[in-house]
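Pasted below: protein_9.pdb, PDB, C-alpha atoms, pLDDT in the B column.
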```
ATOM      1  CA  MET R  30       0.000   0.000   0.000  1.00 49.00           C
ATOM      2  CA  PRO R  31       1.618   3.297  -1.052  1.00 56.00           C
ATOM      3  CA  GLY R  32       1.592   5.962   1.575  1.00 65.00           C
ATOM      4  CA  VAL R  33       2.950   9.150   3.036  1.00 75.00           C
ATOM      5  CA  HIS R  34       4.043   9.945   6.586  1.00 80.00           C
ATOM      6  CA  HIS R  35       4.312  13.524   7.782  1.00 82.00           C
ATOM      7  CA  THR R  36       4.847  15.257  11.128  1.00 87.00           C
ATOM      8  CA  VAL R  37       3.467  18.685  12.009  1.00 86.00           C
ATOM      9  CA  ARG R  38       4.523  20.691  15.060  1.00 89.00           C
ATOM     10  CA  THR R  39       2.510  23.625  16.386  1.00 90.00           C
ATOM     11  CA  GLN R  40       2.295  25.708  19.549  1.00 90.00           C
ATOM     12  CA  VAL R  41      -1.499  25.282  19.587  1.00 91.00           C
ATOM     13  CA  PRO R  42      -2.736  23.105  22.484  1.00 93.00           C
ATOM     14  CA  ARG R  43      -3.315  19.457  21.599  1.00 94.00           C
ATOM     15  CA  SER R  44      -7.025  19.556  22.484  1.00 95.00           C
ATOM     16  CA  ALA R  45      -7.598  22.456  20.067  1.00 93.00           C
ATOM     17  CA  VAL R  46      -5.663  20.739  17.259  1.00 93.00           C
ATOM     18  CA  PHE R  47      -7.589  17.500  17.747  1.00 95.00           C
ATOM     19  CA  ALA R  48     -10.951  19.306  17.851  1.00 95.00           C
ATOM     20  CA  TYR R  49     -10.173  21.148  14.611  1.00 93.00           C
ATOM     21  CA  VAL R  50      -8.981  18.053  12.710  1.00 93.00           C
ATOM     22  CA  ASP R  51     -11.934  16.050  14.075  1.00 95.00           C
ATOM     23  CA  ASP R  52     -14.505  18.634  12.897  1.00 95.00           C
ATOM     24  CA  PRO R  53     -15.933  17.471   9.535  1.00 95.00           C
ATOM     25  CA  ASN R  54     -16.979  21.046   8.711  1.00 94.00           C
ATOM     26  CA  THR R  55     -13.359  22.241   8.613  1.00 92.00           C
ATOM     27  CA  VAL R  56     -11.850  19.430   6.508  1.00 92.00           C
ATOM     28  CA  PRO R  57     -12.465  21.017   3.058  1.00 91.00           C
ATOM     29  CA  GLN R  58     -10.852  24.226   4.345  1.00 89.00           C
ATOM     30  CA  TRP R  59      -7.466  22.639   5.038  1.00 87.00           C
ATOM     31  CA  MET R  60      -7.227  19.178   3.403  1.00 84.00           C
ATOM     32  CA  PHE R  61      -5.686  19.450  -0.065  1.00 81.00           C
ATOM     33  CA  GLY R  62      -8.143  18.620  -2.854  1.00 82.00           C
ATOM     34  CA  VAL R  63     -11.088  17.774  -0.576  1.00 90.00           C
ATOM     35  CA  THR R  64     -14.208  19.446  -1.961  1.00 92.00           C
ATOM     36  CA  ALA R  65     -16.760  17.670   0.231  1.00 95.00           C
ATOM     37  CA  PHE R  66     -16.647  15.910   3.589  1.00 96.00           C
ATOM     38  CA  ASP R  67     -20.240  15.263   4.589  1.00 96.00           C
ATOM     39  CA  PRO R  68     -21.391  13.301   7.656  1.00 96.00           C
ATOM     40  CA  VAL R  69     -23.628  10.325   6.900  1.00 96.00           C
ATOM     41  CA  GLY R  70     -26.326   9.423   9.412  1.00 92.00           C
ATOM     42  CA  ASP R  71     -26.885  10.752  12.912  1.00 91.00           C
ATOM     43  CA  ARG R  72     -23.303  10.689  14.187  1.00 92.00           C
ATOM     44  CA  SER R  73     -20.945  13.400  12.905  1.00 92.00           C
ATOM     45  CA  ARG R  74     -17.970  12.660  15.193  1.00 94.00           C
ATOM     46  CA  GLY R  75     -16.436   9.846  17.166  1.00 95.00           C
ATOM     47  CA  LEU R  76     -16.055   6.114  16.736  1.00 96.00           C
ATOM     48  CA  GLY R  77     -18.286   4.776  13.959  1.00 96.00           C
ATOM     49  CA  ALA R  78     -19.073   8.161  12.382  1.00 97.00           C
ATOM     50  CA  GLU R  79     -19.135   8.031   8.568  1.00 97.00           C
ATOM     51  CA  TYR R  80     -18.451  10.654   5.927  1.00 97.00           C
ATOM     52  CA  ASP R  81     -18.866  10.909   2.190  1.00 97.00           C
ATOM     53  CA  ALA R  82     -15.651  12.483   0.953  1.00 95.00           C
ATOM     54  CA  VAL R  83     -14.834  13.870  -2.479  1.00 94.00           C
ATOM     55  CA  MET R  84     -11.264  14.735  -3.465  1.00 87.00           C
ATOM     56  CA  LYS R  85     -10.125  16.357  -6.696  1.00 83.00           C
ATOM     57  CA  VAL R  86      -6.627  15.341  -7.801  1.00 73.00           C
ATOM     58  CA  GLY R  87      -5.768  17.061 -11.060  1.00 69.00           C
ATOM     59  CA  PRO R  88      -8.564  16.246 -13.503  1.00 73.00           C
ATOM     60  CA  LYS R  89      -9.636  13.151 -11.511  1.00 75.00           C
ATOM     61  CA  VAL R  90     -12.366  13.180  -8.869  1.00 84.00           C
ATOM     62  CA  LEU R  91     -12.110  10.454  -6.219  1.00 84.00           C
ATOM     63  CA  SER R  92     -14.964   9.554  -3.898  1.00 90.00           C
ATOM     64  CA  ALA R  93     -14.987   7.461  -0.748  1.00 92.00           C
ATOM     65  CA  ARG R  94     -17.164   6.697   2.217  1.00 96.00           C
ATOM     66  CA  LEU R  95     -14.939   6.918   5.288  1.00 96.00           C
ATOM     67  CA  GLU R  96     -15.597   5.507   8.732  1.00 97.00           C
ATOM     68  CA  VAL R  97     -13.930   6.514  11.989  1.00 97.00           C
ATOM     69  CA  ALA R  98     -12.243   3.228  12.939  1.00 97.00           C
ATOM     70  CA  VAL R  99     -10.283   4.562  15.943  1.00 98.00           C
ATOM     71  CA  TRP R 100     -11.155   7.618  18.003  1.00 98.00           C
ATOM     72  CA  THR R 101      -9.375   8.485  21.231  1.00 98.00           C
ATOM     73  CA  GLU R 102     -10.034  12.095  22.134  1.00 97.00           C
ATOM     74  CA  ASN R 103      -6.943  14.308  21.893  1.00 97.00           C
ATOM     75  CA  GLU R 104      -4.769  11.274  21.020  1.00 98.00           C
ATOM     76  CA  GLU R 105      -5.696   9.398  17.861  1.00 98.00           C
ATOM     77  CA  LEU R 106      -8.082   9.491  14.909  1.00 96.00           C
ATOM     78  CA  VAL R 107      -8.181   6.840  12.171  1.00 97.00           C
ATOM     79  CA  LEU R 108     -10.422   7.064   9.118  1.00 94.00           C
ATOM     80  CA  SER R 109     -10.730   4.062   6.784  1.00 96.00           C
ATOM     81  CA  SER R 110     -12.706   3.783   3.585  1.00 94.00           C
ATOM     82  CA  VAL R 111     -15.641   1.411   3.548  1.00 96.00           C
ATOM     83  CA  ALA R 112     -16.548   2.186  -0.080  1.00 93.00           C
ATOM     84  CA  GLY R 113     -14.965   3.944  -3.036  1.00 88.00           C
ATOM     85  CA  PHE R 114     -11.315   4.988  -3.160  1.00 83.00           C
ATOM     86  CA  ASP R 115      -9.330   2.740  -0.778  1.00 84.00           C
ATOM     87  CA  VAL R 116      -7.657   5.022   1.762  1.00 85.00           C
ATOM     88  CA  THR R 117      -6.739   5.052   5.447  1.00 90.00           C
ATOM     89  CA  THR R 118      -5.559   8.109   7.364  1.00 89.00           C
ATOM     90  CA  ARG R 119      -4.132   7.908  10.880  1.00 92.00           C
ATOM     91  CA  TRP R 120      -3.615  11.035  12.981  1.00 93.00           C
ATOM     92  CA  ARG R 121      -1.678  10.819  16.286  1.00 96.00           C
ATOM     93  CA  PHE R 122      -1.550  13.817  18.634  1.00 96.00           C
ATOM     94  CA  THR R 123       1.155  14.039  21.314  1.00 97.00           C
ATOM     95  CA  ASP R 124       2.899  16.661  23.430  1.00 95.00           C
ATOM     96  CA  GLY R 125       6.399  17.562  22.302  1.00 91.00           C
ATOM     97  CA  ASP R 126       9.321  18.044  24.697  1.00 89.00           C
ATOM     98  CA  ASP R 127       9.312  21.778  24.007  1.00 89.00           C
ATOM     99  CA  GLY R 128       5.629  22.205  24.928  1.00 87.00           C
ATOM    100  CA  CYS R 129       4.378  22.048  21.362  1.00 91.00           C
ATOM    101  CA  THR R 130       1.782  19.696  19.923  1.00 94.00           C
ATOM    102  CA  VAL R 131       3.133  17.035  17.572  1.00 93.00           C
ATOM    103  CA  VAL R 132       0.796  15.595  14.962  1.00 91.00           C
ATOM    104  CA  ASP R 133       1.944  12.481  13.100  1.00 91.00           C
ATOM    105  CA  VAL R 134      -0.086  11.737   9.977  1.00 88.00           C
ATOM    106  CA  ASP R 135      -0.048   8.551   7.908  1.00 86.00           C
ATOM    107  CA  PHE R 136      -1.961   8.583   4.627  1.00 82.00           C
ATOM    108  CA  ASP R 137      -2.123   5.156   2.970  1.00 81.00           C
ATOM    109  CA  TYR R 138      -4.009   4.236  -0.187  1.00 76.00           C
ATOM    110  CA  ASN R 139      -4.513   1.328  -2.571  1.00 73.00           C
ATOM    111  CA  LEU R 140      -4.894   1.787  -6.286  1.00 61.00           C
ATOM    112  CA  PRO R 141      -6.882  -0.558  -8.501  1.00 55.00           C
ATOM    113  CA  GLY R 142      -4.926  -3.023 -10.624  1.00 57.00           C
ATOM    114  CA  GLY R 143      -4.388  -2.952 -14.366  1.00 56.00           C
ATOM    115  CA  LEU R 144      -4.304   0.049 -16.651  1.00 50.00           C
ATOM    116  CA  ALA R 145      -6.746   2.040 -14.536  1.00 55.00           C
ATOM    117  CA  GLY R 146      -4.539   1.685 -11.455  1.00 53.00           C
ATOM    118  CA  ARG R 147      -1.375   2.622 -13.329  1.00 55.00           C
ATOM    119  CA  ALA R 148      -3.079   5.667 -14.843  1.00 55.00           C
ATOM    120  CA  LEU R 149      -4.408   6.753 -11.454  1.00 56.00           C
ATOM    121  CA  GLY R 150      -0.992   6.193  -9.861  1.00 58.00           C
ATOM    122  CA  ALA R 151       0.663   8.342 -12.528  1.00 54.00           C
ATOM    123  CA  LEU R 152      -1.792  11.091 -11.651  1.00 53.00           C
ATOM    124  CA  ILE R 153      -1.691  10.838  -7.843  1.00 58.00           C
ATOM    125  CA  GLU R 154       1.913  10.053  -6.972  1.00 59.00           C
ATOM    126  CA  PRO R 155       3.510  13.233  -8.380  1.00 53.00           C
ATOM    127  CA  VAL R 156       1.166  15.475  -6.381  1.00 55.00           C
ATOM    128  CA  VAL R 157       1.326  13.643  -3.035  1.00 59.00           C
ATOM    129  CA  GLY R 158       4.295  15.651  -1.732  1.00 61.00           C
ATOM    130  CA  GLN R 159       2.739  18.929  -2.851  1.00 63.00           C
ATOM    131  CA  ALA R 160      -0.588  17.905  -1.298  1.00 65.00           C
ATOM    132  CA  VAL R 161       1.058  17.153   2.058  1.00 66.00           C
ATOM    133  CA  ARG R 162       2.889  20.502   2.088  1.00 69.00           C
ATOM    134  CA  GLN R 163      -0.246  22.456   1.147  1.00 72.00           C
ATOM    135  CA  THR R 164      -2.367  20.573   3.689  1.00 74.00           C
ATOM    136  CA  GLU R 165       0.170  21.249   6.451  1.00 75.00           C
ATOM    137  CA  GLN R 166       0.350  24.956   5.600  1.00 78.00           C
ATOM    138  CA  ALA R 167      -3.441  25.328   5.452  1.00 78.00           C
ATOM    139  CA  LEU R 168      -3.847  23.458   8.741  1.00 79.00           C
ATOM    140  CA  ARG R 169      -1.107  25.508  10.403  1.00 79.00           C
ATOM    141  CA  ASP R 170      -2.604  28.779   9.070  1.00 80.00           C
ATOM    142  CA  ALA R 171      -6.059  27.870  10.401  1.00 80.00           C
ATOM    143  CA  LEU R 172      -4.804  26.758  13.806  1.00 79.00           C
ATOM    144  CA  GLU R 173      -2.214  29.443  14.441  1.00 80.00           C
ATOM    145  CA  GLN R 174      -4.127  32.493  13.255  1.00 74.00           C
ATOM    146  CA  PRO R 175      -4.555  35.120  15.974  1.00 59.00           C
ATOM    147  CA  VAL R 176      -7.851  35.023  17.806  1.00 46.00           C
ATOM    148  CA  ARG R 177      -9.989  37.945  16.646  1.00 41.00           C
ATOM    149  CA  THR R 178     -12.184  39.707  19.155  1.00 40.00           C
TER     150      THR R 178
END
```
Could you write out this structure as structure tokens?
Amino acid sequence: MPGVHHTVRTQVPRSAVFAYVDDPNTVPQWMFGVTAFDPVGDRSRGLGAEYDAVMKVGPKVLSARLEVAVWTENEELVLSSVAGFDVTTRWRFTDGDDGCTVVDVDFDYNLPGGLAGRALGALIEPVVGQAVRQTEQALRDALEQPVRT
């Protein structure tokens, strides 16, 4: 399974970082390429919550239904696809030695086999690094902006 690992450090308290990442309403604002992240059913957060996600990568639009497979408040959040594009994202939130919040992110995905998978891989793989950098910057900008009164 191809994947990307990235670490983000911020001075924002861990509980605030977790709450922001865990909020389905904010995801399209900071996650690269995500154009929709809509809760399905009655539960919008926590273990078992499901979302219909749409991501635009170049000219390709990928859709998936994601389920929260692991949810430990302020510590860990894992989303795994139950339909559509095969993806798993794991977010771990810890306190750094210098008082910062450390967020470790693993983004793993499976591509279909054959020509379709090779074509999709040729489209996705070159933008993964750019997507991670843009996602980190957007997340950092949203979290670290001064509080307006």
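Nearest residue to R:Phe114, choosing from R:Asp135, R:Pro57, R:Thr36, R:Leu91 and counting all atoms listed in the file: R:Leu91.
Between atom CA of R:Val134 and atom CA of R:Met84 the separation is 17.7 Å.
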Residue nearest R:Glu104 among R:Asp67, R:Ser92, R:Asp51, R:Val37 (counting all atoms listed in the file): R:Asp51
Two-atom distance - atom CA of R:Asp137, atom CA of R:Leu95 (Å): 13.1 Å
Please evaluate the PyMOL selection byres ((chain R and resi 120) around 10) against the structure above and give the resulting residues as a PDB file with C-alpha atoms, in the frame of the given file.
```pdb
ATOM      1  CA  HIS R  35       4.312  13.524   7.782  1.00 82.00           C
ATOM      2  CA  THR R  36       4.847  15.257  11.128  1.00 87.00           C
ATOM      3  CA  PHE R  47      -7.589  17.500  17.747  1.00 95.00           C
ATOM      4  CA  VAL R  50      -8.981  18.053  12.710  1.00 93.00           C
ATOM      5  CA  ASP R  51     -11.934  16.050  14.075  1.00 95.00           C
ATOM      6  CA  VAL R  99     -10.283   4.562  15.943  1.00 98.00           C
ATOM      7  CA  TRP R 100     -11.155   7.618  18.003  1.00 98.00           C
ATOM      8  CA  GLU R 104      -4.769  11.274  21.020  1.00 98.00           C
ATOM      9  CA  GLU R 105      -5.696   9.398  17.861  1.00 98.00           C
ATOM     10  CA  LEU R 106      -8.082   9.491  14.909  1.00 96.00           C
ATOM     11  CA  VAL R 107      -8.181   6.840  12.171  1.00 97.00           C
ATOM     12  CA  LEU R 108     -10.422   7.064   9.118  1.00 94.00           C
ATOM     13  CA  THR R 118      -5.559   8.109   7.364  1.00 89.00           C
ATOM     14  CA  ARG R 119      -4.132   7.908  10.880  1.00 92.00           C
ATOM     15  CA  ARG R 121      -1.678  10.819  16.286  1.00 96.00           C
ATOM     16  CA  PHE R 122      -1.550  13.817  18.634  1.00 96.00           C
ATOM     17  CA  VAL R 132       0.796  15.595  14.962  1.00 91.00           C
ATOM     18  CA  ASP R 133       1.944  12.481  13.100  1.00 91.00           C
ATOM     19  CA  VAL R 134      -0.086  11.737   9.977  1.00 88.00           C
ATOM     20  CA  ASP R 135      -0.048   8.551   7.908  1.00 86.00           C
ATOM     21  CA  PHE R 136      -1.961   8.583   4.627  1.00 82.00           C
TER      22      PHE R 136
END
```
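When the PyMOL selection byres ((chain R and resi 70) around 12) is evaluated against the file, it yields Asp67, Pro68, Val69, Asp71, Arg72, Ser73, Arg74, Gly77, Ala78, Glu79, Tyr80, Asp81, Arg94 and Glu96 of chain R.
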Go ahead and compute the interatomic distance for atom CA of R:Val131 and atom CA of R:Val111, in Å to one decimal.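 One can read the atom CA of R:Val131 to atom CA of R:Val111 distance as 28.2 Å.
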